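File shown: target27.cif (mmCIF, C-alpha atoms and all ligand atoms).
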data_final
#
loop_
_atom_site.group_PDB
_atom_site.id
_atom_site.type_symbol
_atom_site.label_atom_id
_atom_site.label_comp_id
_atom_site.auth_asym_id
_atom_site.auth_seq_id
_atom_site.Cartn_x
_atom_site.Cartn_y
_atom_site.Cartn_z
ATOM 1 C CA MET J 1 11.630 15.269 -18.216
ATOM 2 C CA VAL J 2 8.080 14.021 -18.587
ATOM 3 C CA GLU J 3 5.520 14.851 -15.926
ATOM 4 C CA ILE J 4 3.746 11.807 -14.480
ATOM 5 C CA ARG J 5 0.230 12.141 -15.784
ATOM 6 C CA LYS J 6 -2.780 12.708 -13.548
ATOM 7 C CA ILE J 7 -5.611 10.213 -13.943
ATOM 8 C CA ASN J 8 -9.105 11.708 -14.280
ATOM 9 C CA SER J 9 -10.759 9.375 -16.764
ATOM 10 C CA LYS J 10 -10.433 5.885 -18.216
ATOM 11 C CA LYS J 11 -8.309 7.060 -21.141
ATOM 12 C CA ASP J 12 -5.779 8.649 -18.725
ATOM 13 C CA PHE J 13 -4.880 5.193 -17.390
ATOM 14 C CA LYS J 14 -3.646 3.882 -20.742
ATOM 15 C CA SER J 15 0.176 3.599 -20.957
ATOM 16 C CA ASN J 16 0.532 5.734 -17.814
ATOM 17 C CA SER J 17 2.834 4.982 -14.879
ATOM 18 C CA LEU J 18 1.536 4.575 -11.326
ATOM 19 C CA VAL J 19 3.997 6.395 -9.129
ATOM 20 C CA SER J 20 1.909 8.236 -6.546
ATOM 21 C CA ILE J 21 -1.578 8.021 -5.150
ATOM 22 C CA GLU J 22 -1.817 11.756 -5.813
ATOM 23 C CA GLN J 23 -2.246 11.002 -9.525
ATOM 24 C CA PHE J 24 -5.854 9.859 -8.897
ATOM 25 C CA SER J 25 -9.070 11.873 -8.935
ATOM 26 C CA VAL J 26 -12.216 10.450 -7.279
ATOM 27 C CA LYS J 27 -13.542 9.659 -10.767
ATOM 28 C CA ALA J 28 -10.412 7.621 -11.528
ATOM 29 C CA LEU J 29 -10.644 5.828 -8.184
ATOM 30 C CA ASP J 30 -14.274 4.967 -8.877
ATOM 31 C CA ILE J 31 -13.242 3.474 -12.243
ATOM 32 C CA PHE J 32 -10.543 1.441 -10.472
ATOM 33 C CA LEU J 33 -12.965 0.255 -7.749
ATOM 34 C CA LYS J 34 -15.656 -0.775 -10.224
ATOM 35 C CA ARG J 35 -13.129 -2.694 -12.337
ATOM 36 C CA ALA J 36 -11.639 -4.456 -9.280
ATOM 37 C CA GLY J 37 -15.145 -5.494 -8.172
ATOM 38 C CA ASN J 38 -15.964 -6.850 -11.638
ATOM 39 C CA ILE J 39 -12.689 -8.783 -11.836
ATOM 40 C CA LYS J 40 -13.251 -10.307 -8.393
ATOM 41 C CA LYS J 41 -16.669 -11.554 -9.566
ATOM 42 C CA ASN J 42 -15.448 -12.773 -12.954
ATOM 43 C CA PRO J 43 -11.635 -12.992 -13.217
ATOM 44 C CA LYS J 44 -11.759 -15.187 -16.346
ATOM 45 C CA LYS J 45 -13.153 -12.271 -18.360
ATOM 46 C CA TYR J 46 -9.725 -10.612 -18.048
ATOM 47 C CA SER J 47 -7.614 -13.740 -18.558
ATOM 48 C CA GLY J 48 -6.173 -12.691 -21.938
ATOM 49 C CA VAL J 49 -5.657 -8.974 -21.302
ATOM 50 C CA ALA J 50 -1.852 -9.170 -20.875
ATOM 51 C CA GLU J 51 -1.222 -11.776 -23.583
ATOM 52 C CA GLY J 52 1.962 -11.014 -25.527
ATOM 53 C CA LYS J 53 3.085 -8.456 -22.936
ATOM 54 C CA VAL J 54 6.100 -8.585 -20.616
ATOM 55 C CA LEU J 55 6.381 -7.425 -16.991
ATOM 56 C CA TYR J 56 9.666 -6.945 -15.167
ATOM 57 C CA SER J 57 9.085 -7.497 -11.454
ATOM 58 C CA ILE J 58 12.049 -5.776 -9.792
ATOM 59 C CA PHE J 59 12.002 -6.058 -6.008
ATOM 60 C CA TRP J 60 15.196 -4.629 -4.563
ATOM 61 C CA ALA J 61 13.548 -4.557 -1.107
ATOM 62 C CA ASN J 62 11.868 -7.447 0.758
ATOM 63 C CA SER J 63 8.270 -8.337 0.058
ATOM 64 C CA THR J 64 5.853 -11.215 0.528
ATOM 65 C CA ARG J 65 2.460 -9.858 -0.528
ATOM 66 C CA THR J 66 3.170 -7.133 -3.052
ATOM 67 C CA ARG J 67 5.527 -9.117 -5.282
ATOM 68 C CA VAL J 68 3.569 -12.354 -5.311
ATOM 69 C CA SER J 69 0.157 -10.722 -5.808
ATOM 70 C CA THR J 70 1.526 -8.433 -8.547
ATOM 71 C CA GLU J 71 3.055 -11.383 -10.376
ATOM 72 C CA THR J 72 -0.038 -13.556 -9.903
ATOM 73 C CA ALA J 73 -2.273 -10.754 -11.174
ATOM 74 C CA TRP J 74 -0.108 -10.497 -14.273
ATOM 75 C CA LEU J 75 0.029 -14.260 -14.881
ATOM 76 C CA LYS J 76 -3.739 -14.584 -14.461
ATOM 77 C CA MET J 77 -4.118 -12.074 -17.281
ATOM 78 C CA GLY J 78 -1.856 -14.096 -19.576
ATOM 79 C CA GLY J 79 1.335 -12.015 -19.442
ATOM 80 C CA LYS J 80 4.993 -13.093 -19.208
ATOM 81 C CA ILE J 81 7.378 -12.129 -16.391
ATOM 82 C CA VAL J 82 11.041 -11.543 -15.664
ATOM 83 C CA THR J 83 11.650 -11.378 -11.897
ATOM 84 C CA VAL J 84 14.607 -9.787 -10.111
ATOM 85 C CA VAL J 85 14.703 -10.159 -6.322
ATOM 86 C CA GLY J 86 17.368 -8.182 -4.458
ATOM 87 C CA THR J 87 20.527 -6.734 -5.957
ATOM 88 C CA GLN J 88 22.891 -9.530 -4.919
ATOM 89 C CA ASP J 89 22.983 -11.210 -8.344
ATOM 90 C CA SER J 90 23.053 -8.055 -10.451
ATOM 91 C CA SER J 91 25.915 -5.878 -11.657
ATOM 92 C CA ILE J 92 25.004 -3.337 -8.979
ATOM 93 C CA GLN J 93 27.447 -5.521 -7.006
ATOM 94 C CA LYS J 94 30.148 -4.479 -9.515
ATOM 95 C CA GLY J 95 29.421 -0.824 -8.844
ATOM 96 C CA GLU J 96 26.862 -0.163 -11.562
ATOM 97 C CA THR J 97 24.574 2.715 -10.584
ATOM 98 C CA LEU J 98 20.826 2.311 -10.019
ATOM 99 C CA GLU J 99 20.296 4.821 -12.828
ATOM 100 C CA HIS J 100 22.261 2.760 -15.371
ATOM 101 C CA THR J 101 20.557 -0.411 -14.157
ATOM 102 C CA LEU J 102 17.092 1.109 -14.658
ATOM 103 C CA GLN J 103 18.129 2.431 -18.064
ATOM 104 C CA MET J 104 19.205 -1.069 -19.077
ATOM 105 C CA TYR J 105 15.923 -2.597 -17.932
ATOM 106 C CA ALA J 106 13.953 0.045 -19.846
ATOM 107 C CA GLY J 107 16.152 -0.557 -22.923
ATOM 108 C CA TYR J 108 14.896 -4.122 -23.253
ATOM 109 C CA GLN J 109 11.393 -2.713 -23.717
ATOM 110 C CA PRO J 110 9.156 -4.628 -21.341
ATOM 111 C CA ASP J 111 5.617 -3.256 -21.232
ATOM 112 C CA PHE J 112 5.639 -2.738 -17.458
ATOM 113 C CA ILE J 113 8.215 -2.534 -14.691
ATOM 114 C CA ALA J 114 6.937 -3.082 -11.131
ATOM 115 C CA LEU J 115 9.588 -1.663 -8.810
ATOM 116 C CA ARG J 116 10.144 -1.770 -5.044
ATOM 117 C CA THR J 117 13.094 0.114 -3.576
ATOM 118 C CA HIS J 118 14.514 0.996 -0.157
ATOM 119 C CA ILE J 119 15.237 4.496 -1.408
ATOM 120 C CA PRO J 120 12.324 6.952 -1.800
ATOM 121 C CA PHE J 121 11.377 8.487 -5.183
ATOM 122 C CA ILE J 122 13.256 5.959 -7.393
ATOM 123 C CA PRO J 123 10.084 4.775 -9.221
ATOM 124 C CA GLY J 124 9.153 8.429 -9.899
ATOM 125 C CA PHE J 125 12.667 9.094 -11.202
ATOM 126 C CA ALA J 126 12.421 6.038 -13.467
ATOM 127 C CA ALA J 127 8.995 7.018 -14.823
ATOM 128 C CA GLU J 128 10.177 10.527 -15.609
ATOM 129 C CA ASN J 129 13.427 9.472 -17.256
ATOM 130 C CA PHE J 130 12.307 6.339 -19.101
ATOM 131 C CA PRO J 131 8.706 7.155 -20.029
ATOM 132 C CA GLN J 132 8.478 4.580 -22.826
ATOM 133 C CA ILE J 133 7.749 2.014 -20.055
ATOM 134 C CA SER J 134 4.796 1.967 -17.631
ATOM 135 C CA TRP J 135 6.342 1.931 -14.142
ATOM 136 C CA ILE J 136 4.442 0.787 -11.083
ATOM 137 C CA ASN J 137 5.625 1.942 -7.680
ATOM 138 C CA CYS J 138 5.410 -1.106 -5.396
ATOM 139 C CA GLY J 139 6.725 0.806 -2.366
ATOM 140 C CA ASP J 140 9.614 3.287 -2.313
ATOM 141 C CA GLY J 141 11.215 3.525 1.124
ATOM 142 C CA SER J 142 9.164 5.638 3.531
ATOM 143 C CA ASN J 143 7.559 7.600 0.699
ATOM 144 C CA GLU J 144 4.539 5.850 -0.903
ATOM 145 C CA HIS J 145 2.892 2.505 -1.493
ATOM 146 C CA PRO J 146 0.113 3.396 -3.932
ATOM 147 C CA THR J 147 -1.057 -0.112 -4.857
ATOM 148 C CA GLN J 148 -1.416 -0.915 -1.120
ATOM 149 C CA ALA J 149 -3.597 2.177 -0.644
ATOM 150 C CA LEU J 150 -5.717 1.095 -3.618
ATOM 151 C CA LEU J 151 -6.244 -2.413 -2.261
ATOM 152 C CA ASP J 152 -7.072 -0.939 1.158
ATOM 153 C CA LEU J 153 -9.631 1.369 -0.448
ATOM 154 C CA PHE J 154 -11.091 -1.570 -2.378
ATOM 155 C CA THR J 155 -11.395 -3.588 0.849
ATOM 156 C CA LEU J 156 -13.215 -0.726 2.594
ATOM 157 C CA LYS J 157 -15.531 -0.294 -0.403
ATOM 158 C CA GLN J 158 -16.319 -4.027 -0.490
ATOM 159 C CA ARG J 159 -17.077 -4.105 3.239
ATOM 160 C CA PHE J 160 -18.925 -0.810 3.694
ATOM 161 C CA GLY J 161 -20.203 0.331 0.278
ATOM 162 C CA GLU J 162 -20.510 4.002 1.200
ATOM 163 C CA LEU J 163 -17.261 5.490 2.494
ATOM 164 C CA LYS J 164 -18.401 9.005 3.367
ATOM 165 C CA GLY J 165 -18.588 9.475 7.132
ATOM 166 C CA LEU J 166 -16.805 6.204 7.932
ATOM 167 C CA LYS J 167 -14.561 6.443 11.021
ATOM 168 C CA ILE J 168 -11.116 4.907 10.767
ATOM 169 C CA GLY J 169 -8.393 4.920 13.408
ATOM 170 C CA PHE J 170 -4.791 4.435 12.332
ATOM 171 C CA VAL J 171 -2.950 2.804 15.222
ATOM 172 C CA GLY J 172 0.778 2.566 15.828
ATOM 173 C CA ASP J 173 3.812 3.988 14.092
ATOM 174 C CA ILE J 174 2.235 6.650 11.896
ATOM 175 C CA LYS J 175 5.484 8.570 11.496
ATOM 176 C CA HIS J 176 7.587 5.982 9.689
ATOM 177 C CA GLY J 177 5.039 3.965 7.694
ATOM 178 C CA ARG J 178 4.250 4.702 4.053
ATOM 179 C CA THR J 179 0.911 2.885 3.827
ATOM 180 C CA VAL J 180 -1.015 5.166 6.212
ATOM 181 C CA LYS J 181 0.236 8.261 4.422
ATOM 182 C CA SER J 182 -0.892 6.968 1.003
ATOM 183 C CA LEU J 183 -4.258 5.706 2.280
ATOM 184 C CA ALA J 184 -5.040 8.877 4.265
ATOM 185 C CA LYS J 185 -4.660 10.937 1.080
ATOM 186 C CA LEU J 186 -7.289 8.751 -0.617
ATOM 187 C CA LEU J 187 -9.700 8.669 2.305
ATOM 188 C CA LYS J 188 -9.674 12.472 2.481
ATOM 189 C CA LEU J 189 -11.220 12.474 -1.015
ATOM 190 C CA TYR J 190 -14.104 10.329 0.293
ATOM 191 C CA GLU J 191 -14.661 12.433 3.447
ATOM 192 C CA VAL J 192 -13.716 9.578 5.760
ATOM 193 C CA LYS J 193 -13.127 10.667 9.373
ATOM 194 C CA MET J 194 -9.592 9.791 10.449
ATOM 195 C CA LYS J 195 -8.039 9.530 13.879
ATOM 196 C CA PHE J 196 -4.324 8.877 14.340
ATOM 197 C CA ILE J 197 -3.577 6.900 17.513
ATOM 198 C CA ALA J 198 0.146 6.744 18.239
ATOM 199 C CA PRO J 199 2.774 7.318 20.913
ATOM 200 C CA ALA J 200 3.555 11.064 21.104
ATOM 201 C CA SER J 201 6.821 10.750 19.181
ATOM 202 C CA LEU J 202 5.340 8.610 16.395
ATOM 203 C CA HIS J 203 2.679 10.961 15.038
ATOM 204 C CA ALA J 204 2.945 12.659 11.645
ATOM 205 C CA GLN J 205 0.581 15.541 12.370
ATOM 206 C CA GLU J 206 2.491 18.293 10.614
ATOM 207 C CA GLU J 207 3.180 16.273 7.466
ATOM 208 C CA LEU J 208 -0.399 15.045 7.054
ATOM 209 C CA SER J 209 -2.048 18.334 8.059
ATOM 210 C CA GLU J 210 -0.003 20.019 5.329
ATOM 211 C CA GLN J 211 -1.729 17.664 2.874
ATOM 212 C CA GLY J 212 -5.119 18.988 3.993
ATOM 213 C CA ILE J 213 -5.917 15.980 6.182
ATOM 214 C CA ASP J 214 -7.987 16.680 9.304
ATOM 215 C CA TYR J 215 -5.528 15.054 11.740
ATOM 216 C CA GLN J 216 -7.387 14.068 14.913
ATOM 217 C CA VAL J 217 -4.815 13.082 17.524
ATOM 218 C CA GLY J 218 -5.400 9.932 19.570
ATOM 219 C CA LYS J 219 -3.257 8.645 22.432
ATOM 220 C CA ILE J 220 -2.132 5.057 22.148
ATOM 221 C CA GLU J 221 -1.925 4.901 25.955
ATOM 222 C CA ASN J 222 -5.771 5.209 25.893
ATOM 223 C CA LEU J 223 -6.223 2.727 23.038
ATOM 224 C CA LYS J 224 -9.217 0.935 24.557
ATOM 225 C CA LYS J 225 -11.148 4.216 24.797
ATOM 226 C CA GLU J 226 -9.863 5.685 21.535
ATOM 227 C CA ILE J 227 -11.289 2.823 19.453
ATOM 228 C CA LEU J 228 -14.812 2.966 20.933
ATOM 229 C CA ASP J 229 -16.284 5.150 18.168
ATOM 230 C CA LEU J 230 -14.461 3.564 15.221
ATOM 231 C CA ASP J 231 -15.710 1.500 12.269
ATOM 232 C CA VAL J 232 -12.171 0.402 11.363
ATOM 233 C CA ILE J 233 -8.935 -0.021 13.289
ATOM 234 C CA TYR J 234 -5.977 0.109 10.892
ATOM 235 C CA SER J 235 -2.888 -1.195 12.677
ATOM 236 C CA THR J 236 0.611 -0.400 11.408
ATOM 237 C CA ARG J 237 3.913 -2.200 11.901
ATOM 238 C CA PRO J 238 6.289 -0.540 14.390
ATOM 239 C CA GLN J 239 9.538 0.332 12.625
ATOM 240 C CA LEU J 240 11.788 -0.313 15.626
ATOM 241 C CA GLU J 241 15.013 0.615 13.882
ATOM 242 C CA ARG J 242 13.788 4.206 13.542
ATOM 243 C CA MET J 243 12.375 4.716 17.056
ATOM 244 C CA ASP J 244 13.815 6.135 20.238
ATOM 245 C CA LYS J 245 14.790 3.664 22.973
ATOM 246 C CA GLU J 246 11.684 4.183 25.101
ATOM 247 C CA ASP J 247 9.135 3.527 22.326
ATOM 248 C CA LYS J 248 11.172 0.589 21.058
ATOM 249 C CA GLN J 249 11.132 -1.021 24.500
ATOM 250 C CA LYS J 250 7.391 -0.477 24.849
ATOM 251 C CA TYR J 251 6.731 -2.141 21.508
ATOM 252 C CA GLN J 252 9.109 -5.011 22.280
ATOM 253 C CA ASN J 253 7.296 -5.606 25.569
ATOM 254 C CA GLY J 254 3.833 -5.503 23.994
ATOM 255 C CA VAL J 255 2.698 -2.356 25.845
ATOM 256 C CA TYR J 256 0.839 -1.122 22.756
ATOM 257 C CA GLN J 257 -0.377 -4.532 21.615
ATOM 258 C CA ILE J 258 -3.938 -4.873 20.270
ATOM 259 C CA ASP J 259 -5.458 -7.915 21.980
ATOM 260 C CA LYS J 260 -8.914 -9.243 22.897
ATOM 261 C CA LYS J 261 -8.947 -7.137 26.054
ATOM 262 C CA THR J 262 -8.179 -3.937 24.166
ATOM 263 C CA LEU J 263 -10.856 -4.680 21.598
ATOM 264 C CA GLY J 264 -13.547 -5.545 24.143
ATOM 265 C CA LYS J 265 -16.950 -5.580 22.462
ATOM 266 C CA THR J 266 -16.118 -3.140 19.679
ATOM 267 C CA LYS J 267 -17.621 -3.993 16.285
ATOM 268 C CA ALA J 268 -14.775 -2.235 14.479
ATOM 269 C CA LEU J 269 -13.045 -4.236 11.756
ATOM 270 C CA ILE J 270 -9.291 -4.678 12.089
ATOM 271 C CA MET J 271 -7.089 -4.011 9.088
ATOM 272 C CA SER J 272 -3.318 -4.083 8.649
ATOM 273 C CA PRO J 273 -1.121 -3.870 5.565
ATOM 274 C CA LEU J 274 0.896 -6.709 7.160
ATOM 275 C CA PRO J 275 3.412 -8.106 7.996
ATOM 276 C CA ILE J 276 2.888 -8.306 11.764
ATOM 277 C CA ASP J 277 6.238 -8.388 13.579
ATOM 278 C CA SER J 278 6.526 -11.720 15.431
ATOM 279 C CA LYS J 279 10.143 -11.072 16.488
ATOM 280 C CA ILE J 280 8.737 -8.906 19.287
ATOM 281 C CA LYS J 281 5.466 -9.173 21.214
ATOM 282 C CA PRO J 282 3.460 -8.599 18.045
ATOM 283 C CA GLU J 283 1.503 -5.358 17.615
ATOM 284 C CA ILE J 284 -1.597 -7.525 17.042
ATOM 285 C CA HIS J 285 -1.948 -10.525 19.362
ATOM 286 C CA PRO J 286 -1.945 -13.835 17.371
ATOM 287 C CA ALA J 287 -5.359 -14.784 18.830
ATOM 288 C CA ILE J 288 -6.899 -11.902 16.836
ATOM 289 C CA ASP J 289 -6.093 -13.682 13.543
ATOM 290 C CA LYS J 290 -9.172 -15.880 14.015
ATOM 291 C CA ASP J 291 -11.426 -13.105 15.362
ATOM 292 C CA PRO J 292 -14.224 -12.366 12.835
ATOM 293 C CA ARG J 293 -13.441 -8.655 13.152
ATOM 294 C CA ALA J 294 -9.925 -9.225 11.744
ATOM 295 C CA ILE J 295 -10.028 -8.773 7.964
ATOM 296 C CA TYR J 296 -6.329 -8.348 7.245
ATOM 297 C CA PHE J 297 -5.987 -11.625 5.340
ATOM 298 C CA GLU J 298 -9.038 -10.762 3.237
ATOM 299 C CA GLN J 299 -7.474 -7.308 2.735
ATOM 300 C CA ALA J 300 -4.184 -8.836 1.542
ATOM 301 C CA ALA J 301 -6.031 -11.245 -0.776
ATOM 302 C CA ASN J 302 -7.842 -8.274 -2.337
ATOM 303 C CA GLY J 303 -4.400 -7.181 -3.534
ATOM 304 C CA LEU J 304 -4.804 -9.643 -6.379
ATOM 305 C CA TRP J 305 -8.031 -8.060 -7.690
ATOM 306 C CA ALA J 306 -6.766 -4.534 -7.092
ATOM 307 C CA ARG J 307 -3.572 -5.200 -9.059
ATOM 308 C CA MET J 308 -5.434 -6.948 -11.896
ATOM 309 C CA SER J 309 -7.673 -3.889 -12.051
ATOM 310 C CA ILE J 310 -4.694 -1.525 -12.261
ATOM 311 C CA PHE J 311 -2.861 -3.587 -14.888
ATOM 312 C CA SER J 312 -5.959 -3.949 -17.074
ATOM 313 C CA LEU J 313 -6.656 -0.213 -16.953
ATOM 314 C CA LEU J 314 -3.017 0.729 -17.677
ATOM 315 C CA ILE J 315 -3.089 -1.677 -20.637
ATOM 316 C CA GLY J 316 -6.117 0.255 -21.878
ATOM 317 C CA GLU J 317 -8.826 -2.387 -21.441
HETATM 318 N N1 LIG J 401 1.845 -4.864 2.615
HETATM 319 C C1 LIG J 401 3.027 -5.121 2.009
HETATM 320 O O1 LIG J 401 3.560 -4.270 1.271
HETATM 321 O O2 LIG J 401 3.545 -6.348 2.254
HETATM 322 P P1 LIG J 401 4.914 -6.902 1.666
HETATM 323 O O3 LIG J 401 6.008 -6.004 2.204
HETATM 324 O O4 LIG J 401 5.014 -8.305 2.130
HETATM 325 O O5 LIG J 401 4.856 -6.781 0.173
#
Kindly present the structure from the file in structure tokens form.
Ligand code: CP
Amino acid sequence: MVEIRKINSKKDFKSNSLVSIEQFSVKALDIFLKRAGNIKKNPKKYSGVAEGKVLYSIFWANSTRTRVSTETAWLKMGGKIVTVVGTQDSSIQKGETLEHTLQMYAGYQPDFIALRTHIPFIPGFAAENFPQISWINCGDGSNEHPTQALLDLFTLKQRFGELKGLKIGFVGDIKHGRTVKSLAKLLKLYEVKMKFIAPASLHAQEELSEQGIDYQVGKIENLKKEILDLDVIYSTRPQLERMDKEDKQKYQNGVYQIDKKTLGKTKALIMSPLPIDSKIKPEIHPAIDKDPRAIYFEQAANGLWARMSIFSLLIGE
């Protein structure tokens, strides 16, 4: 078994896998941020970086943003792609194991495999067992979503410059989401002040405190007051299928919805990893989409530059 390598310097990126946000030091994050900023200003400079290289884009779980921005990032750098969406057309349907399937993919020697799974820790398993390939974790169940955390960090850096002392409030279903957990680990490194505003049963205080995160508890019932001192409101999607009946009903009825009234005159910017759930009363009211404080579409678009940055560094550019 090969240990997934930590990233402390530019040379540590080359031929590495990106499995967990915990691989990064602040120095490595600063290299990533600088590269993403440069690519955003001048994407053409990196247009040939992936020439002659092959990416497998394997998305066994649903995605809009992560798959398309990963593939676009790769294509913009001149690489070639094989895409697999879902398992319905693969021999997994004939009973082939995930392990054998991953071994087969690795055997065809692509340069990168971007992998999203419902089941946690599969990308880490793949990177350890088939280390001849660079694996990129594009979200593994409720565990991690490292490239999302990186694009979130990039968005904060672009908007605020200095991150130290920034106040961010994570709002919603903290317990079940993977994006908050990955991002909070990064923001701790930059001494960002974090408040977690959730219904009582949807906090993750123990888990995040164990990671050394100063977990300030906020009550979602007092949302209007809780956001008064924030620079950023980071809303998360309620995962209804994992909630108790009472919380589920409250979300379905829009009790915890962020709307114009909740926001009042706050200057805080509103972020979300998206999607927003429109099958219920959405956790962010649709009118907020056009509010200048809402930067979640800009945030999602930054996924392109963040993923180009990661690919170029893993290639060794
Ligand atoms: N933020 C995010 O991971 O979105 P998708 O599920 O659409 O990729």
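If you count only C-alpha atoms and ignore residues fewer than 3 places along the chain from Glu22 (chain J), what sits within 8 Å of it is Lys6, Ser25 and Lys185 of chain J.
Here CA of Ile21 (chain J) is placed at a distance of 24.9 Å from CA of Gly86 (chain J).
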inquiry  = Using all atoms listed in the file - which residues lie no farther than 10 Å from the point (1.0, 3.3, -11.5) in the file's frame? Write them as a PyMOL selection string.
reply    = chain J and resi 4-5+7+13+15-21+23-24+112-114+123-124+127+134-138+146-147+307+310-311+314
query = Taking all atoms listed in the file into account, which residues are within 9 Å of ligand LIG 401 (chain J), as an MDAnalysis selection string?
reply = chainID J and resid 61:69 116 138:139 145 147:148 179 272:275 300
request  = Work out how far apart CA of Ile81 (chain J) and CA of Gly177 (chain J) are and give it in Å to one decimal.
outcome  =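 Between these atoms lies a distance of 29.1 Å.
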Calculate, to one decimal in Å, the centre and edge lengths of the box along x, y and z of the file that holds all listed atoms of region 248-255 of chain J with 3 Å of margin on each side, and present them as lines of an AutoDock Vina configuration file.
center_x = 6.9
center_y = -2.5
center_z = 23.5
size_x = 14.5
size_y = 12.2
size_z = 10.8
task = Starting from the displayed file, determine the output of the PyMOL selection byres (((chain J and resi 204) around 10) and not hetatm) and express the residue list as a ChimeraX atom specification.
result = /J:173-177,181,196,198,200-203,205-209,215,217
request  = Would you mind reading off the distance between CA of Tyr46 (chain J) and CA of Glu128 (chain J), one decimal, in Å?
outcome  = 29.1 Å
task = Convert the output of the PyMOL selection byres (((chain J and resi 258-263) around 7) and not hetatm) on the shown file into explicit residues, formatted as an MDAnalysis selection string.
result = chainID J and resid 224 256:257 264:266 283:285 288
query = Of the candidates J:Met77, J:Leu183, J:Ile295, J:Leu29, which shows the shortest atom-to-atom distance to Val49 (chain J), using all atoms listed in the file?
reply =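 Once distances to Val49 (chain J) are computed over all atoms listed in the file, the minimum belongs to J:Met77.
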task = Please write the residues picked by the PyMOL selection byres (((chain J and resi 9) around 9) and not hetatm) on this file as a ChimeraX atom specification.
result = /J:7-8,10-13,25,27-28,31
Shell of 8 Å around Val84 (chain J), all atoms listed in the file, local chain residues under 4 positions omitted, as a short mmCIF file (atom, residue, chain, number, x, y, z; two decimals) with C-alpha atoms, in the coordinates of the input:
data_model
loop_
_atom_site.label_atom_id
_atom_site.label_comp_id
_atom_site.auth_asym_id
_atom_site.auth_seq_id
_atom_site.Cartn_x
_atom_site.Cartn_y
_atom_site.Cartn_z
CA TYR J 56 9.67 -6.94 -15.17
CA SER J 57 9.09 -7.50 -11.45
CA ILE J 58 12.05 -5.78 -9.79
CA PHE J 59 12.00 -6.06 -6.01
CA TRP J 60 15.20 -4.63 -4.56
#
remark   = Of J:Ile39, J:Pro199, J:Leu75, J:Phe160, the one nearest to Met243 (chain J) when counting all atoms listed in the file is J:Pro199
inquiry  = Please determine, counting only C-alpha atoms, which residue among J:Ile197, J:Leu163, J:Val82, J:Met104 has the shortest atom-to-atom distance to Asn222 (chain J).
reply    =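 Comparing J:Ile197, J:Leu163, J:Val82, J:Met104 against Asn222 (chain J), the winner is J:Ile197.
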key: Nearest-residue call for Thr87 (chain J), choices J:Thr236, J:Gln109, J:Thr117, J:Asn42, using only C-alpha atoms   =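 Checking each of J:Thr236, J:Gln109, J:Thr117, J:Asn42 against Thr87 (chain J), counting only C-alpha atoms, the winner is J:Thr117.
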Who sits within 8 Å of Asn143 (chain J), all atoms listed in the file, same chain under 2 positions skipped, as a PDB file with C-alpha atoms, in the frame of the given file:
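Printed below is selection_10.pdb as written:
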ATOM      1  CA  PRO J 120      12.324   6.952  -1.800  1.00  0.00           C
ATOM      2  CA  PHE J 121      11.377   8.487  -5.183  1.00  0.00           C
ATOM      3  CA  GLY J 139       6.725   0.806  -2.366  1.00  0.00           C
ATOM      4  CA  ASP J 140       9.614   3.287  -2.313  1.00  0.00           C
ATOM      5  CA  GLY J 141      11.215   3.525   1.124  1.00  0.00           C
ATOM      6  CA  HIS J 145       2.892   2.505  -1.493  1.00  0.00           C
ATOM      7  CA  ARG J 178       4.250   4.702   4.053  1.00  0.00           C
TER       8      ARG J 178
END
